[in-house]
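Participant: Take a look at this one; I'll ask things after.
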Amino acid sequence: MVRGHSKTIEILSPGKNLEYAKEAIRCGADSIYIGAPKFSLRHEQGNSMDDIKKLVEYAHKYWVKIYIPLNCLLFSDDDIKLAMQMINEFYSMGIDGLIVQDIGILELDLPPIPIILSTNAMCFKKEDAQFFEKCGVSRIVLPRELTFEEIKDILDNSNIEIETFCYGFLCVGYSGNCYLSYVEHLKQTQSSDKAHYLASNHGVCPERCMGNWTLKDNNGNILRENDRLFNLRFLSLNNEIERLVDIGVDSFKIAGREKDLKHVKNSTAIFSQIADNLVQTKGLKRLSSGRTILGFKPDLSKNFNKGFTDFFFNGRKKEMYSKYHLIGTKVGIVENFDGNSFILKGDISLNIGDKLRYQKDNNPVQTISITDIKDNKYYADGIKDDITGLELYRYIDVKGFKEVENSINYRVISVTLDITEQNNEYKIIAVDEDNNHTEITVTKGNTKYIADKLKESLCKLDIDCEFIIDKINSKNDVFLDNPEKIKDEIFALLRAERAKNRPVKKAIIEKNNYPYYKKELNYLANVTNNCTKAFYQRHGVDKIEPGLETGIPLKGKKVFSSRYCLRNELGVCSKTNPQNIPPLPWHLEQLENGNKFKVEFDCAKCSMYLYLDDEENN
């Protein structure tokens with residue numbers, strides 16, 4: 001079942017709010033995911049129903065799709081009732097898809113709205129894709145941890161739409177099976193009914209994984225102290241999009257609903273340009289309409305990042321976490337260092353406020369800031385070494401950041417006007433880039449225009465101009481009065497025609513008894529309500545354990561699961577370097593909250609798990 005490459009390409013961008021979402025559209029997004037007022041996995045990035053409705057109206061002018069993440073776990077009948085109410089409202093306002101984690105939503109009486117399974121639904125294998133395709137699910141968002149070959153296996157053995165992450169922040173644990181926030185809040189509240197609403201599976205995550213940890217072996221020897229062991233680099237698959245298109249991936253998601261506006265603008269523009277190049281070379285179509293006119297030059301260095309990784313896409317590797325690494329753009333080699341100033345040999349100019357990193361010998365990486373520039377000499381704070389001859393890497397580019405932040409960008413739909421004279425009237429036919437037609441007849445006027453000059457007078461960019469006349473075909477000069485009014489009339493008709501012809505996908509969740517490929521589900525399946533339980537029972541699952549966040553005892557339970565492996569990162573993998581392994585099991589302490597965990601490794605599955613240490617269970 002090899003489906004071949006996709007016919008369309010979709011760049012899916014984050015919408016923190018209405019303003020950010022509009023900017024993403026102007027920078028080339030084919031679709032936007034934007035948080036609902038409740039039940040969104042970014043709790044602080046919820047949006048009002050009114051703003052979502054405004055966004056739908058704006059986006060649909062460009063045939064841009066709007067997806068709503070309603071992707072928290074649901075715990076009570078009240079949760080389910082409110083979720084159902086919101087789903088019906090979203091359907092009424094015309095959203096294009098609903099992103100869900102809780103499988104119980106599939107058991108509800110849903111309107112014919114496409115259902116997209118969140119990465120938190122943990123669909124890792126072709127069996128997941130095959131099953132949910134039979135149930136009527138439209139799309140699956142694959143976990144970030146999958147390799148190219150694993151993604152290909154899913155695509156080769158299913159016909160469901162596949163979405164992959166292509167850029168942005170990385171969770172170190174399997175999305176859906178990280179319960180670190182739940183554990184922290186359970187200790188604070190002593191109530192699972194409160195803690196599960198303060199957990200990452202409900203959109204509240206303090207990101208302790210990216211904080212500081214101390215790692216010890218089983219004899220108490222310190223292996224790493226006060227180290228950001230789980231602070232992963234950013235994912236970037238910008239060089240892999242063509243390979244993924246070739247095997248049939250439909251959509252490429254940019255992570256970052258919590259990130260700033262320059263992140264949204266810059267990353268969207270970068271991947272939109274990649275998509276445009278593939279349209280030219282592979283005969284694809286973009287999922288949406290219009291082209292962008294950018295007020296900045298896209299470049300990954302103009303986003304804050306922690307260095308980049310392809311994670312597991314091309315196989316397991318070391319050095320995925322970022323504390324001890326040179327990140328950013330190489331800007332040159334230091335010359336004439338005199339304690340707090342230097343000359344830089346290279347082609348890149350620095351600016352006051354830029355932040356750079358260097359590494360001397362095998363010592364930890366150091367950060368410096370440019371404080372002044374005089375003649376050709378740079379002055380910096382934070383220099384602890386003689387840096388003569390060292391390479392400098394810039395990871396905060398102040399000028400580049402501001403260029404993106406302050407940019408004004410446009411999204412325009414190309415229109416051609418054909419003008420023919422009939423007696424004392426003109427017949428004007430407007431055709432847009434999607435071959436939508438409309439026509440009007442106007443009385444011949446008194447002001448003379450040649451076609452090019454008429455086009456020039458009507459092509460005025462504004463932030464929401466929507467249409468732009470790229471060509472006017474007329475055999476003769478045109479005599480018109482008030483061409484602006486005529487243009488507005490044509491565009492109003494064309495807008496209505498586009499709305500009538502906008503591609504709309506509807507989908508029905510099949511209430512069938514197609515057997516699920518597992519007969520038993522443990523607590524890691526996150527069955528947290530009666531609807532989820534009923535769904536799996538209907539599909540033949542005999543034994544269903546309640547989800548971990550329902551209040552079951554945590555002793556002996558995995559509270560964190562990851563494909564990332566500390567043994568591999570520290571160079572003592574049992575497969576590649578089994579010598580001198582510090583005594584197991586290892587133990588971790590999260591320094592910001594003091595929680596302690598036992599670390600276990602499943603080398604057969606190349607996975608790592610955290611359990612609460614015994615003293616934490618008392």
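Letters A, B, ... mark the chains of the structure tokens in the order given; residue numbers begin at 1 per chain; ligand numbers begin at 1, in order shown.
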Skipping near chain neighbours, those fewer than 2 positions away, what residues fall within 9 Å of Tyr395 in chain A using only C-alpha atoms, listed as a PyMOL selection string?

Facilitator: chain A and resi 301-307+326-329+354-357+393+397

Participant: Among range 372-595 of chain A, which residues does DSSP mark as helix (DSSP H, G or I) when it is run on the backbone? Keep the chain and numbering as in the structure and answer as JSON, numbers by chain.

Facilitator: {"A": [398, 399, 400, 401, 402, 403, 404, 405, 451, 452, 453, 454, 455, 456, 457, 458, 483, 484, 485, 486, 487, 488, 489, 490, 491, 492, 493, 494, 495, 496, 497, 498, 499, 500, 501, 523, 524, 525, 530, 531, 532, 533, 534, 535, 536, 537, 538, 548, 549, 550, 566, 567, 568, 569]}

Participant: Just the residues within 10 Å of range 151-156 of chain A, please, counting only C-alpha atoms, with nothing from its chain fewer than 4 positions along; format it as a list in words.

Facilitator: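 Answer for this query is Met1, Val2, Arg3, Gly4, Cys123, Phe124, Lys125, Lys126, Glu127, Asp128, Ala129, Gln130, Leu142, Pro143, Glu145, Leu146, Thr147, Ile160, Glu161, Ile162, Thr164, Arg243, Leu244, Asp246, Ile247, Gly248, Val249 and Phe313 of chain A.
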
Participant: Between CA of Leu108 in chain A and CA of Leu198 in chain A, what is the distance, to one decimal in Å?

Facilitator: 24.9 Å

Participant: Excluding Glu456 in chain A and residues on its chain fewer than 4 positions from it, collect all residues at most 12 Å away from it, counting only C-alpha atoms, and give them as a PyMOL selection string.

Facilitator: chain A and resi 449-452+460-461+468-472+483-484
